[in-house]
>>> print(open('input.cif').read())   # mmCIF, C-alpha atoms and all ligand atoms; chains and numbers go by the auth columns
data_target
loop_
_atom_site.group_PDB
_atom_site.id
_atom_site.type_symbol
_atom_site.label_atom_id
_atom_site.label_comp_id
_atom_site.label_asym_id
_atom_site.label_seq_id
_atom_site.Cartn_x
_atom_site.Cartn_y
_atom_site.Cartn_z
_atom_site.B_iso_or_equiv
_atom_site.auth_seq_id
_atom_site.auth_asym_id
ATOM 1 C CA MET A 1 37.259 3.524 -17.801 0.00 1 A
ATOM 2 C CA TYR A 2 35.930 6.998 -18.639 0.00 2 A
ATOM 3 C CA GLU A 3 38.321 8.450 -16.077 0.00 3 A
ATOM 4 C CA GLY A 4 37.026 11.699 -14.628 0.00 4 A
ATOM 5 C CA ASP A 5 33.663 11.667 -16.460 0.00 5 A
ATOM 6 C CA ILE A 6 31.749 9.946 -13.663 0.00 6 A
ATOM 7 C CA ALA A 7 31.233 12.165 -10.631 0.00 7 A
ATOM 8 C CA SER A 8 30.115 9.273 -8.419 0.00 8 A
ATOM 9 C CA VAL A 9 28.638 5.782 -8.442 0.00 9 A
ATOM 10 C CA LEU A 10 24.928 5.952 -7.646 0.00 10 A
ATOM 11 C CA ILE A 11 24.054 2.240 -7.830 0.00 11 A
ATOM 12 C CA THR A 12 26.675 -0.492 -7.783 0.00 12 A
ATOM 13 C CA GLU A 13 26.798 -3.617 -9.911 0.00 13 A
ATOM 14 C CA GLU A 14 25.963 -5.720 -6.865 0.00 14 A
ATOM 15 C CA GLN A 15 22.946 -3.565 -5.944 0.00 15 A
ATOM 16 C CA ILE A 16 21.636 -3.897 -9.501 0.00 16 A
ATOM 17 C CA ARG A 17 22.099 -7.669 -9.421 0.00 17 A
ATOM 18 C CA GLN A 18 20.337 -8.018 -6.047 0.00 18 A
ATOM 19 C CA ARG A 19 17.381 -5.806 -6.937 0.00 19 A
ATOM 20 C CA THR A 20 16.965 -7.445 -10.351 0.00 20 A
ATOM 21 C CA ALA A 21 16.740 -10.853 -8.676 0.00 21 A
ATOM 22 C CA GLU A 22 14.087 -9.563 -6.237 0.00 22 A
ATOM 23 C CA LEU A 23 12.013 -7.997 -9.008 0.00 23 A
ATOM 24 C CA ALA A 24 12.250 -11.148 -11.108 0.00 24 A
ATOM 25 C CA GLU A 25 11.005 -13.331 -8.241 0.00 25 A
ATOM 26 C CA GLU A 26 8.121 -10.991 -7.351 0.00 26 A
ATOM 27 C CA ILE A 27 6.985 -10.499 -10.917 0.00 27 A
ATOM 28 C CA ALA A 28 7.255 -14.155 -11.927 0.00 28 A
ATOM 29 C CA ALA A 29 4.929 -15.110 -9.079 0.00 29 A
ATOM 30 C CA ARG A 30 2.110 -13.188 -10.787 0.00 30 A
ATOM 31 C CA TYR A 31 2.210 -15.094 -14.060 0.00 31 A
ATOM 32 C CA PRO A 32 0.865 -18.603 -14.514 0.00 32 A
ATOM 33 C CA VAL A 33 3.339 -21.019 -16.072 0.00 33 A
ATOM 34 C CA GLY A 34 2.036 -23.053 -18.996 0.00 34 A
ATOM 35 C CA ALA A 35 -0.835 -20.629 -19.640 0.00 35 A
ATOM 36 C CA PRO A 36 -2.734 -20.764 -22.931 0.00 36 A
ATOM 37 C CA GLU A 37 -1.497 -17.207 -23.619 0.00 37 A
ATOM 38 C CA GLY A 38 2.019 -18.608 -23.927 0.00 38 A
ATOM 39 C CA ASP A 39 5.267 -17.522 -22.291 0.00 39 A
ATOM 40 C CA LEU A 40 5.593 -14.061 -20.771 0.00 40 A
ATOM 41 C CA LEU A 41 6.605 -11.640 -23.512 0.00 41 A
ATOM 42 C CA LEU A 42 9.212 -9.065 -22.528 0.00 42 A
ATOM 43 C CA ILE A 43 9.279 -5.956 -24.674 0.00 43 A
ATOM 44 C CA GLY A 44 12.453 -3.937 -24.373 0.00 44 A
ATOM 45 C CA VAL A 45 12.920 -0.422 -25.589 0.00 45 A
ATOM 46 C CA LEU A 46 16.191 -0.034 -27.484 0.00 46 A
ATOM 47 C CA LYS A 47 18.824 0.700 -26.622 0.00 47 A
ATOM 48 C CA GLY A 48 18.872 1.675 -22.957 0.00 48 A
ATOM 49 C CA ALA A 49 16.843 -1.259 -21.632 0.00 49 A
ATOM 50 C CA VAL A 50 18.974 -3.975 -23.220 0.00 50 A
ATOM 51 C CA PHE A 51 21.316 -4.543 -20.269 0.00 51 A
ATOM 52 C CA PHE A 52 18.501 -4.666 -17.694 0.00 52 A
ATOM 53 C CA MET A 53 16.362 -6.815 -19.999 0.00 53 A
ATOM 54 C CA THR A 54 18.952 -9.549 -20.492 0.00 54 A
ATOM 55 C CA ASP A 55 19.823 -9.702 -16.788 0.00 55 A
ATOM 56 C CA PHE A 56 16.141 -9.599 -15.802 0.00 56 A
ATOM 57 C CA ALA A 57 15.252 -12.406 -18.238 0.00 57 A
ATOM 58 C CA ARG A 58 18.024 -14.593 -16.837 0.00 58 A
ATOM 59 C CA ALA A 59 16.889 -13.897 -13.273 0.00 59 A
ATOM 60 C CA LEU A 60 13.240 -14.770 -14.057 0.00 60 A
ATOM 61 C CA PRO A 61 12.364 -18.219 -12.731 0.00 61 A
ATOM 62 C CA ILE A 62 9.728 -18.648 -15.477 0.00 62 A
ATOM 63 C CA PRO A 63 10.117 -18.884 -19.272 0.00 63 A
ATOM 64 C CA SER A 64 10.020 -15.631 -21.182 0.00 64 A
ATOM 65 C CA GLN A 65 10.446 -14.447 -24.737 0.00 65 A
ATOM 66 C CA MET A 66 11.917 -11.154 -25.925 0.00 66 A
ATOM 67 C CA GLU A 67 10.975 -8.550 -28.484 0.00 67 A
ATOM 68 C CA PHE A 68 12.407 -5.098 -29.010 0.00 68 A
ATOM 69 C CA MET A 69 11.125 -1.747 -30.158 0.00 69 A
ATOM 70 C CA ALA A 70 13.069 1.370 -30.968 0.00 70 A
ATOM 71 C CA VAL A 71 11.428 4.738 -30.532 0.00 71 A
ATOM 72 C CA SER A 72 12.719 8.238 -30.766 0.00 72 A
ATOM 73 C CA SER A 73 11.269 10.950 -28.640 0.00 73 A
ATOM 74 C CA TYR A 74 11.811 14.400 -29.960 0.00 74 A
ATOM 75 C CA GLY A 75 13.586 16.727 -27.595 0.00 75 A
ATOM 76 C CA SER A 76 17.065 17.533 -26.413 0.00 76 A
ATOM 77 C CA SER A 77 19.535 14.771 -25.622 0.00 77 A
ATOM 78 C CA THR A 78 18.827 15.036 -21.887 0.00 78 A
ATOM 79 C CA SER A 79 15.024 15.352 -21.810 0.00 79 A
ATOM 80 C CA SER A 80 12.046 14.122 -23.804 0.00 80 A
ATOM 81 C CA SER A 81 9.073 15.934 -25.291 0.00 81 A
ATOM 82 C CA GLY A 82 6.465 13.186 -25.424 0.00 82 A
ATOM 83 C CA VAL A 83 6.307 13.255 -29.208 0.00 83 A
ATOM 84 C CA VAL A 84 7.313 9.732 -30.091 0.00 84 A
ATOM 85 C CA ARG A 85 8.123 8.103 -33.400 0.00 85 A
ATOM 86 C CA ILE A 86 8.579 4.359 -33.939 0.00 86 A
ATOM 87 C CA LEU A 87 11.985 3.596 -35.478 0.00 87 A
ATOM 88 C CA LYS A 88 11.668 -0.172 -35.169 0.00 88 A
ATOM 89 C CA ASP A 89 8.327 -1.813 -34.506 0.00 89 A
ATOM 90 C CA LEU A 90 7.675 -5.266 -33.048 0.00 90 A
ATOM 91 C CA ASP A 91 8.096 -8.149 -35.508 0.00 91 A
ATOM 92 C CA LYS A 92 5.290 -10.129 -33.874 0.00 92 A
ATOM 93 C CA ASP A 93 1.644 -9.780 -33.042 0.00 93 A
ATOM 94 C CA ILE A 94 1.114 -9.412 -29.274 0.00 94 A
ATOM 95 C CA ALA A 95 -2.655 -9.974 -29.259 0.00 95 A
ATOM 96 C CA GLY A 96 -3.619 -12.352 -26.457 0.00 96 A
ATOM 97 C CA ARG A 97 -0.124 -12.396 -24.936 0.00 97 A
ATOM 98 C CA HIS A 98 0.987 -11.444 -21.413 0.00 98 A
ATOM 99 C CA VAL A 99 3.267 -8.482 -22.106 0.00 99 A
ATOM 100 C CA LEU A 100 5.772 -6.869 -19.757 0.00 100 A
ATOM 101 C CA ILE A 101 7.480 -3.681 -20.913 0.00 101 A
ATOM 102 C CA VAL A 102 11.030 -3.561 -19.606 0.00 102 A
ATOM 103 C CA GLU A 103 12.314 -0.013 -19.223 0.00 103 A
ATOM 104 C CA ASP A 104 15.630 1.433 -18.187 0.00 104 A
ATOM 105 C CA ILE A 105 14.370 4.713 -16.756 0.00 105 A
ATOM 106 C CA ILE A 106 11.170 6.706 -16.378 0.00 106 A
ATOM 107 C CA ASP A 107 11.724 10.435 -16.202 0.00 107 A
ATOM 108 C CA SER A 108 8.769 12.547 -17.332 0.00 108 A
ATOM 109 C CA GLY A 109 6.976 9.301 -18.209 0.00 109 A
ATOM 110 C CA LEU A 110 5.920 10.695 -21.570 0.00 110 A
ATOM 111 C CA THR A 111 7.676 7.972 -23.542 0.00 111 A
ATOM 112 C CA LEU A 112 6.134 5.252 -21.427 0.00 112 A
ATOM 113 C CA SER A 113 2.574 6.565 -21.442 0.00 113 A
ATOM 114 C CA TRP A 114 2.743 6.850 -25.219 0.00 114 A
ATOM 115 C CA LEU A 115 4.081 3.308 -25.477 0.00 115 A
ATOM 116 C CA MET A 116 1.395 1.912 -23.154 0.00 116 A
ATOM 117 C CA ARG A 117 -1.351 3.527 -25.220 0.00 117 A
ATOM 118 C CA ASN A 118 0.177 2.241 -28.439 0.00 118 A
ATOM 119 C CA LEU A 119 0.592 -1.357 -27.201 0.00 119 A
ATOM 120 C CA LYS A 120 -2.880 -1.474 -25.602 0.00 120 A
ATOM 121 C CA THR A 121 -4.448 -0.984 -29.027 0.00 121 A
ATOM 122 C CA ARG A 122 -2.825 -4.283 -30.057 0.00 122 A
ATOM 123 C CA ASN A 123 -4.926 -6.171 -27.477 0.00 123 A
ATOM 124 C CA PRO A 124 -2.461 -8.023 -25.273 0.00 124 A
ATOM 125 C CA ALA A 125 -3.950 -10.304 -22.578 0.00 125 A
ATOM 126 C CA SER A 126 -2.174 -8.106 -20.025 0.00 126 A
ATOM 127 C CA LEU A 127 0.217 -5.174 -20.109 0.00 127 A
ATOM 128 C CA GLU A 128 2.557 -4.273 -17.248 0.00 128 A
ATOM 129 C CA VAL A 129 5.771 -2.329 -16.797 0.00 129 A
ATOM 130 C CA VAL A 130 8.976 -2.913 -14.917 0.00 130 A
ATOM 131 C CA THR A 131 11.566 -0.163 -14.811 0.00 131 A
ATOM 132 C CA LEU A 132 15.019 -0.270 -13.295 0.00 132 A
ATOM 133 C CA LEU A 133 15.076 3.441 -12.459 0.00 133 A
ATOM 134 C CA ARG A 134 12.507 6.133 -11.790 0.00 134 A
ATOM 135 C CA LYS A 135 13.058 9.863 -11.421 0.00 135 A
ATOM 136 C CA PRO A 136 10.862 12.111 -9.193 0.00 136 A
ATOM 137 C CA ASP A 137 8.905 13.714 -12.065 0.00 137 A
ATOM 138 C CA ALA A 138 7.444 10.308 -12.949 0.00 138 A
ATOM 139 C CA VAL A 139 4.931 10.625 -10.084 0.00 139 A
ATOM 140 C CA LYS A 140 3.077 13.196 -12.184 0.00 140 A
ATOM 141 C CA ILE A 141 2.005 10.722 -14.850 0.00 141 A
ATOM 142 C CA ASP A 142 -1.054 8.549 -14.747 0.00 142 A
ATOM 143 C CA VAL A 143 0.770 5.344 -15.701 0.00 143 A
ATOM 144 C CA ASP A 144 0.634 2.924 -12.821 0.00 144 A
ATOM 145 C CA VAL A 145 4.110 1.432 -12.517 0.00 145 A
ATOM 146 C CA ARG A 146 4.152 -1.157 -9.779 0.00 146 A
ATOM 147 C CA ASP A 147 7.658 -2.468 -10.228 0.00 147 A
ATOM 148 C CA VAL A 148 10.534 -0.050 -9.818 0.00 148 A
ATOM 149 C CA GLY A 149 14.113 -1.038 -9.152 0.00 149 A
ATOM 150 C CA PHE A 150 15.344 2.219 -7.681 0.00 150 A
ATOM 151 C CA ASP A 151 13.918 5.701 -7.167 0.00 151 A
ATOM 152 C CA ILE A 152 16.733 8.094 -7.964 0.00 152 A
ATOM 153 C CA PRO A 153 17.281 11.855 -7.660 0.00 153 A
ATOM 154 C CA ASN A 154 16.611 14.180 -10.558 0.00 154 A
ATOM 155 C CA GLU A 155 20.114 14.020 -12.005 0.00 155 A
ATOM 156 C CA PHE A 156 21.446 12.731 -15.277 0.00 156 A
ATOM 157 C CA VAL A 157 22.705 9.186 -14.902 0.00 157 A
ATOM 158 C CA VAL A 158 24.657 6.919 -17.233 0.00 158 A
ATOM 159 C CA GLY A 159 25.817 3.321 -17.377 0.00 159 A
ATOM 160 C CA TYR A 160 24.186 -0.113 -17.498 0.00 160 A
ATOM 161 C CA GLY A 161 22.580 0.779 -20.832 0.00 161 A
ATOM 162 C CA LEU A 162 22.067 4.488 -20.235 0.00 162 A
ATOM 163 C CA ASP A 163 24.050 6.824 -22.424 0.00 163 A
ATOM 164 C CA TYR A 164 25.104 10.350 -22.961 0.00 164 A
ATOM 165 C CA ALA A 165 25.642 10.864 -26.713 0.00 165 A
ATOM 166 C CA GLU A 166 25.850 7.034 -27.062 0.00 166 A
ATOM 167 C CA ARG A 167 28.720 6.767 -24.572 0.00 167 A
ATOM 168 C CA TYR A 168 28.882 5.061 -21.166 0.00 168 A
ATOM 169 C CA ARG A 169 26.279 2.348 -21.872 0.00 169 A
ATOM 170 C CA ASP A 170 28.946 -0.266 -21.237 0.00 170 A
ATOM 171 C CA LEU A 171 29.633 0.765 -17.630 0.00 171 A
ATOM 172 C CA PRO A 172 28.475 -2.060 -15.321 0.00 172 A
ATOM 173 C CA TYR A 173 27.068 0.359 -12.724 0.00 173 A
ATOM 174 C CA ILE A 174 24.833 3.476 -12.689 0.00 174 A
ATOM 175 C CA GLY A 175 26.843 6.636 -12.229 0.00 175 A
ATOM 176 C CA LEU A 176 26.251 10.355 -12.062 0.00 176 A
ATOM 177 C CA LEU A 177 27.763 12.079 -15.054 0.00 177 A
ATOM 178 C CA ASP A 178 30.045 14.955 -14.202 0.00 178 A
ATOM 179 C CA PRO A 179 28.132 18.074 -15.336 0.00 179 A
ATOM 180 C CA GLU A 180 31.320 19.275 -17.042 0.00 180 A
ATOM 181 C CA VAL A 181 30.853 16.499 -19.616 0.00 181 A
ATOM 182 C CA TYR A 182 27.584 17.977 -20.895 0.00 182 A
ATOM 183 C CA GLY A 183 28.556 21.562 -20.216 0.00 183 A
ATOM 184 C CA GLY A 184 26.338 21.907 -17.150 0.00 184 A
HETATM 185 P P1 LIG B . 10.667 10.219 -20.302 0.00 201 B
HETATM 186 O O1 LIG B . 10.883 11.645 -19.861 0.00 201 B
HETATM 187 O O2 LIG B . 9.833 10.126 -21.543 0.00 201 B
HETATM 188 O O3 LIG B . 12.127 9.797 -20.682 0.00 201 B
HETATM 189 O O4 LIG B . 10.180 9.346 -19.187 0.00 201 B
HETATM 190 C C1 LIG B . 12.530 8.503 -20.765 0.00 201 B
HETATM 191 C C2 LIG B . 13.760 8.454 -21.623 0.00 201 B
HETATM 192 O O5 LIG B . 14.610 9.598 -21.388 0.00 201 B
HETATM 193 C C3 LIG B . 15.948 9.216 -21.325 0.00 201 B
HETATM 194 N N1 LIG B . 16.487 9.606 -20.013 0.00 201 B
HETATM 195 C C4 LIG B . 17.735 9.403 -19.600 0.00 201 B
HETATM 196 N N2 LIG B . 18.757 8.803 -20.215 0.00 201 B
HETATM 197 N N3 LIG B . 20.124 9.236 -18.318 0.00 201 B
HETATM 198 C C5 LIG B . 19.963 8.738 -19.569 0.00 201 B
HETATM 199 O O6 LIG B . 20.912 8.185 -20.104 0.00 201 B
HETATM 200 C C6 LIG B . 19.142 9.851 -17.635 0.00 201 B
HETATM 201 O O7 LIG B . 19.342 10.288 -16.506 0.00 201 B
HETATM 202 C C7 LIG B . 17.866 9.937 -18.320 0.00 201 B
HETATM 203 N N4 LIG B . 16.679 10.465 -17.969 0.00 201 B
HETATM 204 C C8 LIG B . 15.847 10.255 -19.037 0.00 201 B
HETATM 205 C C9 LIG B . 15.969 7.739 -21.565 0.00 201 B
HETATM 206 O O8 LIG B . 16.232 7.501 -22.930 0.00 201 B
HETATM 207 C C10 LIG B . 14.567 7.261 -21.256 0.00 201 B
HETATM 208 O O9 LIG B . 14.165 6.120 -21.964 0.00 201 B
HETATM 209 MG MG MG B . 19.603 8.046 -24.488 0.00 202 B
#
>>> encode(input="input.cif", output="structure tokens")
Amino acid sequence: MYEGDIASVLITEEQIRQRTAELAEEIAARYPVGAPEGDLLLIGVLKGAVFFMTDFARALPIPSQMEFMAVSSYGSSTSSSGVVRILKDLDKDIAGRHVLIVEDIIDSGLTLSWLMRNLKTRNPASLEVVTLLRKPDAVKIDVDVRDVGFDIPNEFVVGYGLDYAERYRDLPYIGLLDPEVYGG
């Protein structure tokens, strides 16, 4: 598939599966089962986080529920500006719930820090983040992200939910996009 567009495979399907299982075990251990706050509430950011979210939820050894938000961050197609607009908000109130944001990738961290601030105002019982991927620039932000699947180099990646111009999300692995595809 996508012959010639992927310069190399950065993270294989098997590595993703393994790491997701580890994260799910570690994270689940921190949440009480049968708590009065209800099941852990996973909030996924459309569309990139969908693949990680569904695999993560199935790997979690505790019950969880899922909600989705869609945001658009103004900027070019390969970087974000930090100016965020909600395209689809949550359908449910999260007050008093244990919330875990499930992210595909943190780059500048601007999208995430905006989202954390926004969700905190809705008074969840707790608010944490798990991200599959993190790029080097993310160390500059003040958001404390404890759970990271993989730290990756500062290159544009696609697959497993991540797109370039809406393509490549359906690849089962994370690959480096050949710079020729985006005219780099
Ligand atoms: P910030 O900079 O706000 O960006 O942390 C997070 C969002 O930027 C997108 N992004 C990427 N998307 N391959 C992608 O397909 C990448 O290498 C990449 N780096 C950043 C993504 O939408 C993410 O949610
Ligand atoms: Mg995108």
>>> residues_around(input="input.cif", residues="A:Leu23", least_positions_apart="4", cutoff="12 Å", atoms="only C-alpha atoms", output="ChimeraX atom specification")
/A:16-19,27-30,52-53,55-61,102,129-132,146-150
>>> closest_residue(input="input.cif", among="A:Asp93, A:Glu128, A:Asp104, A:Asp178", to="A:Thr54", atoms="all atoms listed in the file")
A:Asp104
>>> residues_near_ligand(input="input.cif", ligand="ligand LIG 201 (chain B)", cutoff="8 Å", atoms="only C-alpha atoms and all ligand atoms", output="VMD selection string")
chain A and resid 45 48 to 49 73 77 to 82 103 to 112 135 138 154 to 159 161 to 164
>>> residues_around(input="input.cif", residues="A:Pro124", least_positions_apart="2", cutoff="12 Å", atoms="only C-alpha atoms", output="list in words")
Glu37, Gly38, Leu40, Leu41, Ile43, Lys92, Asp93, Ile94, Ala95, Gly96, Arg97, His98, Val99, Leu100, Ile101, Met116, Arg117, Asn118, Leu119, Lys120, Thr121, Arg122, Ser126, Leu127 and Glu128 of chain A
>>> atom_distance(input="input.cif", atom1="atom CA of A:Tyr173", atom2="atom CA of A:Met1")
11.8 Å
>>> atom_distance(input="input.cif", atom1="atom CA of A:Arg85", atom2="atom CA of A:Asp151")
27.0 Å
>>> atom_distance(input="input.cif", atom1="atom CA of A:Ile141", atom2="atom CA of A:Pro179")
27.1 Å
>>> closest_residue(input="input.cif", among="A:Glu166, A:Glu3, A:Asp142, A:Glu180", to="ligand MG 202 (chain B)", atoms="all atoms listed in the file")
A:Glu166
>>> closest_residue(input="input.cif", among="A:Val71, A:Ile152, A:Val181, A:Val143", to="ligand MG 202 (chain B)", atoms="only C-alpha atoms and all ligand atoms")
A:Val71
>>> axis_aligned_box(input="input.cif", around="stretch 117-128 of chain A", padding_each_side="8 Å", output="JSON")
{"center_x": -1.2, "center_y": -3.4, "center_z": -23.7, "size_x": 23.5, "size_y": 29.8, "size_z": 28.8}
>>> closest_residue(input="input.cif", among="A:Leu46, A:Ile11, A:Leu115, A:Val139", to="ligand MG 202 (chain B)", atoms="all atoms listed in the file")
A:Leu46
>>> decode(input="input.cif", residues="stretch 85-112 of chain A", atoms="N, CA and C atoms", output="PDB file, in the first residue's frame")
ATOM      1  N   ARG A  85      -9.883  25.666  17.872  1.00  0.00           N
ATOM      2  CA  ARG A  85     -11.319  25.856  17.793  1.00  0.00           C
ATOM      3  C   ARG A  85     -11.981  24.484  17.952  1.00  0.00           C
ATOM      4  N   ILE A  86     -13.063  24.428  18.727  1.00  0.00           N
ATOM      5  CA  ILE A  86     -13.775  23.163  18.905  1.00  0.00           C
ATOM      6  C   ILE A  86     -14.713  22.931  17.717  1.00  0.00           C
ATOM      7  N   LEU A  87     -14.516  21.822  17.021  1.00  0.00           N
ATOM      8  CA  LEU A  87     -15.409  21.468  15.905  1.00  0.00           C
ATOM      9  C   LEU A  87     -16.526  20.553  16.378  1.00  0.00           C
ATOM     10  N   LYS A  88     -16.184  19.677  17.316  1.00  0.00           N
ATOM     11  CA  LYS A  88     -17.179  18.797  17.937  1.00  0.00           C
ATOM     12  C   LYS A  88     -16.859  18.720  19.414  1.00  0.00           C
ATOM     13  N   ASP A  89     -17.803  19.145  20.236  1.00  0.00           N
ATOM     14  CA  ASP A  89     -17.573  19.122  21.683  1.00  0.00           C
ATOM     15  C   ASP A  89     -18.039  17.784  22.253  1.00  0.00           C
ATOM     16  N   LEU A  90     -17.744  17.553  23.532  1.00  0.00           N
ATOM     17  CA  LEU A  90     -18.212  16.348  24.208  1.00  0.00           C
ATOM     18  C   LEU A  90     -19.731  16.381  24.287  1.00  0.00           C
ATOM     19  N   ASP A  91     -20.360  15.207  24.254  1.00  0.00           N
ATOM     20  CA  ASP A  91     -21.826  15.144  24.384  1.00  0.00           C
ATOM     21  C   ASP A  91     -22.226  15.107  25.853  1.00  0.00           C
ATOM     22  N   LYS A  92     -21.247  14.755  26.715  1.00  0.00           N
ATOM     23  CA  LYS A  92     -21.571  14.507  28.125  1.00  0.00           C
ATOM     24  C   LYS A  92     -20.811  15.442  29.046  1.00  0.00           C
ATOM     25  N   ASP A  93     -21.398  15.608  30.227  1.00  0.00           N
ATOM     26  CA  ASP A  93     -20.760  16.347  31.297  1.00  0.00           C
ATOM     27  C   ASP A  93     -19.662  15.467  31.912  1.00  0.00           C
ATOM     28  N   ILE A  94     -18.481  16.028  32.146  1.00  0.00           N
ATOM     29  CA  ILE A  94     -17.397  15.226  32.726  1.00  0.00           C
ATOM     30  C   ILE A  94     -17.125  15.579  34.186  1.00  0.00           C
ATOM     31  N   ALA A  95     -17.949  16.444  34.751  1.00  0.00           N
ATOM     32  CA  ALA A  95     -17.766  16.841  36.158  1.00  0.00           C
ATOM     33  C   ALA A  95     -17.771  15.596  37.042  1.00  0.00           C
ATOM     34  N   GLY A  96     -16.769  15.515  37.924  1.00  0.00           N
ATOM     35  CA  GLY A  96     -16.701  14.411  38.877  1.00  0.00           C
ATOM     36  C   GLY A  96     -16.194  13.096  38.308  1.00  0.00           C
ATOM     37  N   ARG A  97     -15.826  13.080  37.033  1.00  0.00           N
ATOM     38  CA  ARG A  97     -15.368  11.827  36.412  1.00  0.00           C
ATOM     39  C   ARG A  97     -13.834  11.765  36.372  1.00  0.00           C
ATOM     40  N   HIS A  98     -13.288  10.539  36.376  1.00  0.00           N
ATOM     41  CA  HIS A  98     -11.861  10.352  36.124  1.00  0.00           C
ATOM     42  C   HIS A  98     -11.661  10.339  34.611  1.00  0.00           C
ATOM     43  N   VAL A  99     -10.952  11.369  34.121  1.00  0.00           N
ATOM     44  CA  VAL A  99     -10.806  11.558  32.677  1.00  0.00           C
ATOM     45  C   VAL A  99      -9.363  11.301  32.246  1.00  0.00           C
ATOM     46  N   LEU A 100      -9.225  10.569  31.161  1.00  0.00           N
ATOM     47  CA  LEU A 100      -7.905  10.329  30.564  1.00  0.00           C
ATOM     48  C   LEU A 100      -7.975  10.747  29.094  1.00  0.00           C
ATOM     49  N   ILE A 101      -7.208  11.781  28.752  1.00  0.00           N
ATOM     50  CA  ILE A 101      -7.131  12.211  27.357  1.00  0.00           C
ATOM     51  C   ILE A 101      -6.220  11.237  26.617  1.00  0.00           C
ATOM     52  N   VAL A 102      -6.682  10.740  25.514  1.00  0.00           N
ATOM     53  CA  VAL A 102      -5.889   9.810  24.708  1.00  0.00           C
ATOM     54  C   VAL A 102      -5.472  10.534  23.436  1.00  0.00           C
ATOM     55  N   GLU A 103      -4.163  10.730  23.302  1.00  0.00           N
ATOM     56  CA  GLU A 103      -3.633  11.496  22.169  1.00  0.00           C
ATOM     57  C   GLU A 103      -2.798  10.617  21.251  1.00  0.00           C
ATOM     58  N   ASP A 104      -2.767  10.997  19.999  1.00  0.00           N
ATOM     59  CA  ASP A 104      -1.911  10.292  19.047  1.00  0.00           C
ATOM     60  C   ASP A 104      -0.476  10.798  19.149  1.00  0.00           C
ATOM     61  N   ILE A 105      -0.322  12.136  19.148  1.00  0.00           N
ATOM     62  CA  ILE A 105       1.030  12.689  19.089  1.00  0.00           C
ATOM     63  C   ILE A 105       1.060  14.063  19.750  1.00  0.00           C
ATOM     64  N   ILE A 106       2.126  14.328  20.482  1.00  0.00           N
ATOM     65  CA  ILE A 106       2.351  15.670  21.017  1.00  0.00           C
ATOM     66  C   ILE A 106       3.588  16.227  20.336  1.00  0.00           C
ATOM     67  N   ASP A 107       3.399  17.347  19.670  1.00  0.00           N
ATOM     68  CA  ASP A 107       4.513  17.970  18.950  1.00  0.00           C
ATOM     69  C   ASP A 107       4.923  19.229  19.713  1.00  0.00           C
ATOM     70  N   SER A 108       4.343  20.373  19.376  1.00  0.00           N
ATOM     71  CA  SER A 108       4.631  21.574  20.161  1.00  0.00           C
ATOM     72  C   SER A 108       3.936  21.496  21.520  1.00  0.00           C
ATOM     73  N   GLY A 109       2.877  20.705  21.616  1.00  0.00           N
ATOM     74  CA  GLY A 109       2.110  20.597  22.846  1.00  0.00           C
ATOM     75  C   GLY A 109       1.053  21.672  22.988  1.00  0.00           C
ATOM     76  N   LEU A 110       0.947  22.537  22.005  1.00  0.00           N
ATOM     77  CA  LEU A 110       0.002  23.655  22.096  1.00  0.00           C
ATOM     78  C   LEU A 110      -1.445  23.162  22.115  1.00  0.00           C
ATOM     79  N   THR A 111      -1.729  22.179  21.272  1.00  0.00           N
ATOM     80  CA  THR A 111      -3.086  21.631  21.224  1.00  0.00           C
ATOM     81  C   THR A 111      -3.456  21.028  22.575  1.00  0.00           C
ATOM     82  N   LEU A 112      -2.530  20.244  23.109  1.00  0.00           N
ATOM     83  CA  LEU A 112      -2.797  19.571  24.374  1.00  0.00           C
ATOM     84  C   LEU A 112      -2.937  20.536  25.540  1.00  0.00           C
TER      85      LEU A 112
END
